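Data first, discussion second: the structure below is written as structure tokens.
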Amino acid sequence: MLLRIHDLHAEIDGKPILRGIDLEVGAGEVHAVMGPNGSGKSTLAQLLAGREVYTVTRGEVTFDGKNLLEMPADLRAREGLFLSFQYPIELPGIANSYFLKAAVNAVRRHRGLSELDAVDFLVAARAKMKLVGLREDFLHRSVNEGFSGGEKKRNEIFQMAMLEPRLAILDETDSGLDVDALRTVAEGVNSLRSPDRAIVVITHYQRLLDYIVPDKTHVLAGGRIVRSGGAELAREVEERGYGWITGATESSDGMPVAAA
Amino acid sequence: MSTTPNIGLNLAQRLDRASGQLAGGHVDWLAALRRGARARFDEIGVPGVRDEDWKYTNIAPALRDLPGPVLADEVVFDSARVGMMVAALPGLDGQSPAIVFVDGHFVPGLSRLQALARGVSVSSLRELLGRDPGRLQGRLGKFLPPTAHGLIALNSAFLDDGAVVEISEGIVCERPMHLVFVSTRRNEAFVSQPRNVIVAGGGSSALVVEHYIGEEGARALTNTVSEIELGRGAAFGHVRLQREPQSAFHVARLQVEQGEGSSFSSHAFGLGAALSRTEVAVTLSGENAECTLHGLYAVHGKQHVDHHTMVDHAAPRTRSNQLYKGVLDDDSRGVFTGRVLVRPMAQQIKAVQTNPVLLLGDGAMAETRPQLEIYADDVACNHGASIGRISEEAMFYLRSRGIEPREARRLMVYGFAAEVVESLVPEALRESIGALIGTHVGTLRAGERVA
């Protein structure tokens with residue numbers, strides 16, 4: 001199992017957000033994690049990527065058998081974990097090409113591969129940019145600075161394509177995208193599906209899952225996975241909303257009541 | 001009583017040992033200029049922290065134990081070694097003209113003055129004063145305000161060598177001209193007071209880069225003054241790369257006088273020295289003149305860096321734009337004072353000033369002082385300053401891509417500083433200075449404290 005999450009509890013500033021997550025994702029699989037606002041989806045994504053503002057109070061996470069929670073964020077990335085940000089950060093003054101080359105070479109060094117020189121990098125970057133419909137001049141612009149919402153998301157998938165992760169977590173990659181951009185981004189993601197790579201798609205809406213069809217779907221509510229199923233579960237959520245799953249087990253303040 | 005007059009007196013007396021050897025000693029107007037400056041210095045002495053303009057920068061300790069200047073016949077250095085230091089300077093390719101001074105004295109063997117374009121001359125001040133002093137009469141000190149502080153008077157009182165750059169009307173220089181000042185003497189402290197004069201004729205276009213470097217351990221006090229006069233419609237760029245060793249002190253004044261429709265661009269990089277004070281004073285004398293003043297200071301340890309600008313809008317429809325950025329690591333101190341004066345008859349003025357500072361070290365401190373004096377009414381004037389730290393969110397983004405904390409931090413600091421570098425032209429100079437800044441911010445120690 002590539003990713004194994006067991007009984008994960010986490011909080012921020014003393015406020016519990018994750019309340020016992022269990023999830024297993026195998027190589028080659030695509031999982032969708034859905035849930036209403038405030039259910040803990042983004043917390044789960046950021047925590048897995050190593051954001052230090054969250055405190056794990058219980059449980060464990062292994063990545064390819066290694067204790068993920070012990071690793072700093074940059075080591076997780078070098079080990080092959082990738083997070084596509086819901087709100088990609090703007091980095092004024094840092095050229096996209098410079099940033100990405102530093103990232104690619106950090107990952108390559110860790111994998112025992114030779115570093116890419118400027119030419120090899122450019123050749124690889126050009127090919128991958130086509131995949132998500134980004135023009136080459138994006139390489140010379142500052143990371144995400146002045147990019148439209150759609151450009152930022154394409155840039156995330158472009159980075160993913162360059163870094164070739166073993167596990168990619170896409171946090172609300174569909175938010176802020178029009179239909180064309182959504183299709184392009186989804187095609188980019190689909191082209192990266194492979195038997196040794198796992199993808200976790202975190203989303204509020206089902207529409208991205210029309211393009212990236214998951215093997216398994218999970219519904220997160222109140223910091224717990226309350227239901228799991230196949231691709232059809234996503235469609236059910238789309239038709240019926242979250243209430244039929246979460247309503248019965250959730251009080252008005254979003255806290256789960258005793259499920260027993 | 002303040003102790004500064006005594007320090008000044010002792011300093012002047014030590015400098016007197018060079019009096020007999022100063023350039024152009026036989027020239028009456030020059031002797032009078034020096035005497036006047038000396039009298040002025042004896043009267044006001046060295047600026048002290050009681051002067052409002054020097055409130056945050058105490059120069060007195062730097063002056064206390066200085067034996068004096070290195071005399072021309074005392075200059076001893078390893079020519080091959082200094083040659084290598086010069087060859088490694090950013091932007092100085094094999095084609096660019098360069099004039100090199102070691103411990104205050106012109107070194108023809110290390111200079112490259114044959115690469116000059118037609119209509120351009122670069123000479124040693126000392127040589128020119130010996131050969132053709134009349135060319136400088138009325139030029140030296142022409143635009144320095146009589147009320148300027150004591151160290152400027154001290155430079156004038158003992159002016160001896162430096163670079164004289166003359167660009168004829170309408171001449172366009174493609175290559176930057178490099179003025180290089182190297183401090184090498186390590187066995188005893190010394191004073192070096194380069195005086196540079198640049199005259200850019202009407203409609204000319206040129207770029208001068210002043211480099212200040214030295215051997216680690218060289219105990220130099222550099223007290224330099226550069227005067228620039230821009231003719232009508234001239235376009236001129238000035239770059240100062242202050243990278244003196246941590247054992248050195250650096251005081252610099254750039255005095256610029258701009259004619260009608262001229263444009264001036266300055267980049268002042270303050271990276272080295274234990275303590276430095278860098279002043280840029282621009283008088284926009286002609287209508288439609290404009291200046292852009294950029295600065296970047298990036299220091300660590302106990303370094304103290306003080307940048308001081310003065311822009312005098314003395315004519316209508318003049319524009320100024322200032323961007324000074326600071327990066328302060330460890331226990332360093334950074335001071336920025338930006339004075340903008342708009343005179344009563346100077347209408348339709350635009351003046352902008354910004355001073356963002358990035359604090360890296362827990363003990364670092366920044367002072368920022370905008371000083372706006374506006375006596376006209378049709379004026380658009382803006383100033384802003386900010387003091388911040390590296391964003392945790394941005395660090396996480398970089399690290400989530402596999403970049404190690406140290407490199408992530410270096411990238412963040414470089415990204416902050418890059419805005420100052422990006423406005424440099426030509427591209428070759430921008431790239432080599434960009435690489436220098438990239439390396440320099442990597443040496444700031446904040447990177448090591450992460451993780």
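Starting from 1 in every chain, residues are counted up; chains themselves are A, B, ... following the order of the structure tokens, and ligands are numbered from 1 as listed.
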With only C-alpha atoms as the counted atoms, please give the residues lying no more than 9 Å from Asp362 (chain B), apart from itself and same-chain residues fewer than 6 positions off, as a compact mmCIF listing (two decimals) with all heavy atoms, in the first residue's frame.
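Below is the file that was written, out-v1.txt:
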# COMPACT_ATOMS: atom_id res chain seq x y z
N ASP B 329 19.97 40.60 8.30
CA ASP B 329 20.09 39.32 9.00
C ASP B 329 20.77 39.54 10.36
O ASP B 329 21.32 40.61 10.63
CB ASP B 329 20.91 38.36 8.12
CG ASP B 329 20.74 36.91 8.55
OD1 ASP B 329 19.91 36.63 9.43
OD2 ASP B 329 21.45 36.04 8.01
N ASP B 330 20.76 38.51 11.17
CA ASP B 330 21.46 38.51 12.46
C ASP B 330 21.13 39.75 13.29
O ASP B 330 19.99 40.05 13.53
CB ASP B 330 22.98 38.37 12.26
CG ASP B 330 23.34 37.08 11.54
OD1 ASP B 330 22.62 36.08 11.72
OD2 ASP B 330 24.33 37.08 10.79
N ASP B 331 22.20 40.47 13.69
CA ASP B 331 22.01 41.66 14.53
C ASP B 331 22.32 42.93 13.75
O ASP B 331 22.72 43.95 14.32
CB ASP B 331 22.94 41.58 15.75
CG ASP B 331 22.66 40.34 16.57
OD1 ASP B 331 21.48 40.07 16.85
OD2 ASP B 331 23.62 39.62 16.92
| task | Tell me, as JSON, numbers by chain, which residues lie within 10 Å of Gly150 (chain B), counting only C-alpha atoms; anything in the same chain fewer than 5 positions away does not count. | result | {"B": [8, 37, 38, 40, 41, 42, 43, 44, 45, 46, 47, 48, 155, 156]}
Got time to write the residues from that selection, N, CA and C atoms, as a PDB file, in the first residue's frame?
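This went into result-v8.pdb:
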ATOM      1  N   GLY B   8      37.908  64.978  14.729  1.00  0.00           N
ATOM      2  CA  GLY B   8      38.113  65.652  13.452  1.00  0.00           C
ATOM      3  C   GLY B   8      39.476  66.287  13.378  1.00  0.00           C
ATOM      4  N   ALA B  37      37.913  74.177   2.092  1.00  0.00           N
ATOM      5  CA  ALA B  37      37.302  72.955   2.604  1.00  0.00           C
ATOM      6  C   ALA B  37      37.879  72.604   3.975  1.00  0.00           C
ATOM      7  N   ARG B  38      39.197  72.829   4.103  1.00  0.00           N
ATOM      8  CA  ARG B  38      39.851  72.533   5.377  1.00  0.00           C
ATOM      9  C   ARG B  38      39.311  73.429   6.495  1.00  0.00           C
ATOM     10  N   ARG B  40      36.409  74.793   6.546  1.00  0.00           N
ATOM     11  CA  ARG B  40      35.038  74.324   6.813  1.00  0.00           C
ATOM     12  C   ARG B  40      35.067  73.084   7.728  1.00  0.00           C
ATOM     13  N   PHE B  41      35.981  72.163   7.404  1.00  0.00           N
ATOM     14  CA  PHE B  41      36.074  70.953   8.221  1.00  0.00           C
ATOM     15  C   PHE B  41      36.496  71.285   9.657  1.00  0.00           C
ATOM     16  N   ASP B  42      37.493  72.175   9.779  1.00  0.00           N
ATOM     17  CA  ASP B  42      37.955  72.553  11.122  1.00  0.00           C
ATOM     18  C   ASP B  42      36.819  73.166  11.927  1.00  0.00           C
ATOM     19  N   GLU B  43      35.912  73.817  11.209  1.00  0.00           N
ATOM     20  CA  GLU B  43      34.792  74.478  11.881  1.00  0.00           C
ATOM     21  C   GLU B  43      33.726  73.480  12.327  1.00  0.00           C
ATOM     22  N   ILE B  44      33.340  72.564  11.430  1.00  0.00           N
ATOM     23  CA  ILE B  44      32.192  71.688  11.766  1.00  0.00           C
ATOM     24  C   ILE B  44      32.582  70.295  12.207  1.00  0.00           C
ATOM     25  N   GLY B  45      33.782  69.839  11.843  1.00  0.00           N
ATOM     26  CA  GLY B  45      34.246  68.523  12.283  1.00  0.00           C
ATOM     27  C   GLY B  45      33.461  67.374  11.677  1.00  0.00           C
ATOM     28  N   VAL B  46      33.612  66.246  12.324  1.00  0.00           N
ATOM     29  CA  VAL B  46      32.990  65.013  11.851  1.00  0.00           C
ATOM     30  C   VAL B  46      31.535  64.998  12.324  1.00  0.00           C
ATOM     31  N   PRO B  47      30.606  64.554  11.467  1.00  0.00           N
ATOM     32  CA  PRO B  47      29.218  64.508  11.925  1.00  0.00           C
ATOM     33  C   PRO B  47      29.044  63.548  13.101  1.00  0.00           C
ATOM     34  N   GLY B  48      28.230  63.947  14.048  1.00  0.00           N
ATOM     35  CA  GLY B  48      27.995  63.122  15.230  1.00  0.00           C
ATOM     36  C   GLY B  48      26.537  62.729  15.316  1.00  0.00           C
ATOM     37  N   ASN B 155      37.019  65.329   2.308  1.00  0.00           N
ATOM     38  CA  ASN B 155      37.398  64.786   1.010  1.00  0.00           C
ATOM     39  C   ASN B 155      37.948  65.897   0.115  1.00  0.00           C
ATOM     40  N   SER B 156      37.277  67.053   0.120  1.00  0.00           N
ATOM     41  CA  SER B 156      37.723  68.169  -0.714  1.00  0.00           C
ATOM     42  C   SER B 156      39.065  68.724  -0.234  1.00  0.00           C
TER      43      SER B 156
END
| field | Distance query Ala77 (chain A) at most 9 Å, only C-alpha atoms, self and fewer than 2 positions along chain excluded, as JSON, numbers by chain | value | {"A": [49, 72, 73, 74, 75, 79, 80, 81, 82, 83, 107, 163, 165], "B": [399, 400, 401, 402, 403]}
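Note that the spacing between CA of Val191 (chain B) and CA of Gly20 (chain B) amounts to 16.5 Å.
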| field | Selection: 8 Å around Lys128 (chain A), only C-alpha atoms, excl. self and same-chain fewer than 2 positions, as number ranges by chain | value | A: 124-126, 130-132, 158, 161-162
N, CA, C and O atoms of the current selection, written as a compact mmCIF listing (two decimals), in the first residue's frame:
# COMPACT_ATOMS: atom_id res chain seq x y z
N ALA A 124 12.49 19.31 -21.51
CA ALA A 124 11.47 18.61 -20.73
C ALA A 124 10.29 19.53 -20.43
O ALA A 124 9.12 19.15 -20.55
N ALA A 125 10.63 20.78 -20.05
CA ALA A 125 9.58 21.72 -19.66
C ALA A 125 8.66 22.03 -20.84
O ALA A 125 7.44 22.07 -20.68
N ARG A 126 9.24 22.23 -22.01
CA ARG A 126 8.42 22.54 -23.19
C ARG A 126 7.40 21.45 -23.46
O ARG A 126 6.22 21.73 -23.71
N LYS A 130 3.05 21.88 -22.90
CA LYS A 130 2.05 21.61 -23.95
C LYS A 130 0.88 20.84 -23.36
O LYS A 130 -0.28 21.08 -23.68
N LEU A 131 1.23 19.89 -22.50
CA LEU A 131 0.25 19.02 -21.87
C LEU A 131 -0.88 19.79 -21.20
O LEU A 131 -2.03 19.37 -21.21
N VAL A 132 -0.54 20.93 -20.60
CA VAL A 132 -1.56 21.69 -19.87
C VAL A 132 -1.87 23.01 -20.57
O VAL A 132 -2.56 23.86 -20.00
N PHE A 158 1.43 21.36 -14.32
CA PHE A 158 2.71 21.38 -15.03
C PHE A 158 3.85 20.98 -14.07
O PHE A 158 4.70 20.15 -14.39
N ALA A 161 3.70 17.35 -13.44
CA ALA A 161 4.23 16.58 -14.57
C ALA A 161 5.76 16.57 -14.56
O ALA A 161 6.39 15.56 -14.88
N MET A 162 6.36 17.70 -14.17
CA MET A 162 7.82 17.78 -14.15
C MET A 162 8.41 16.98 -12.99
O MET A 162 9.49 16.42 -13.10
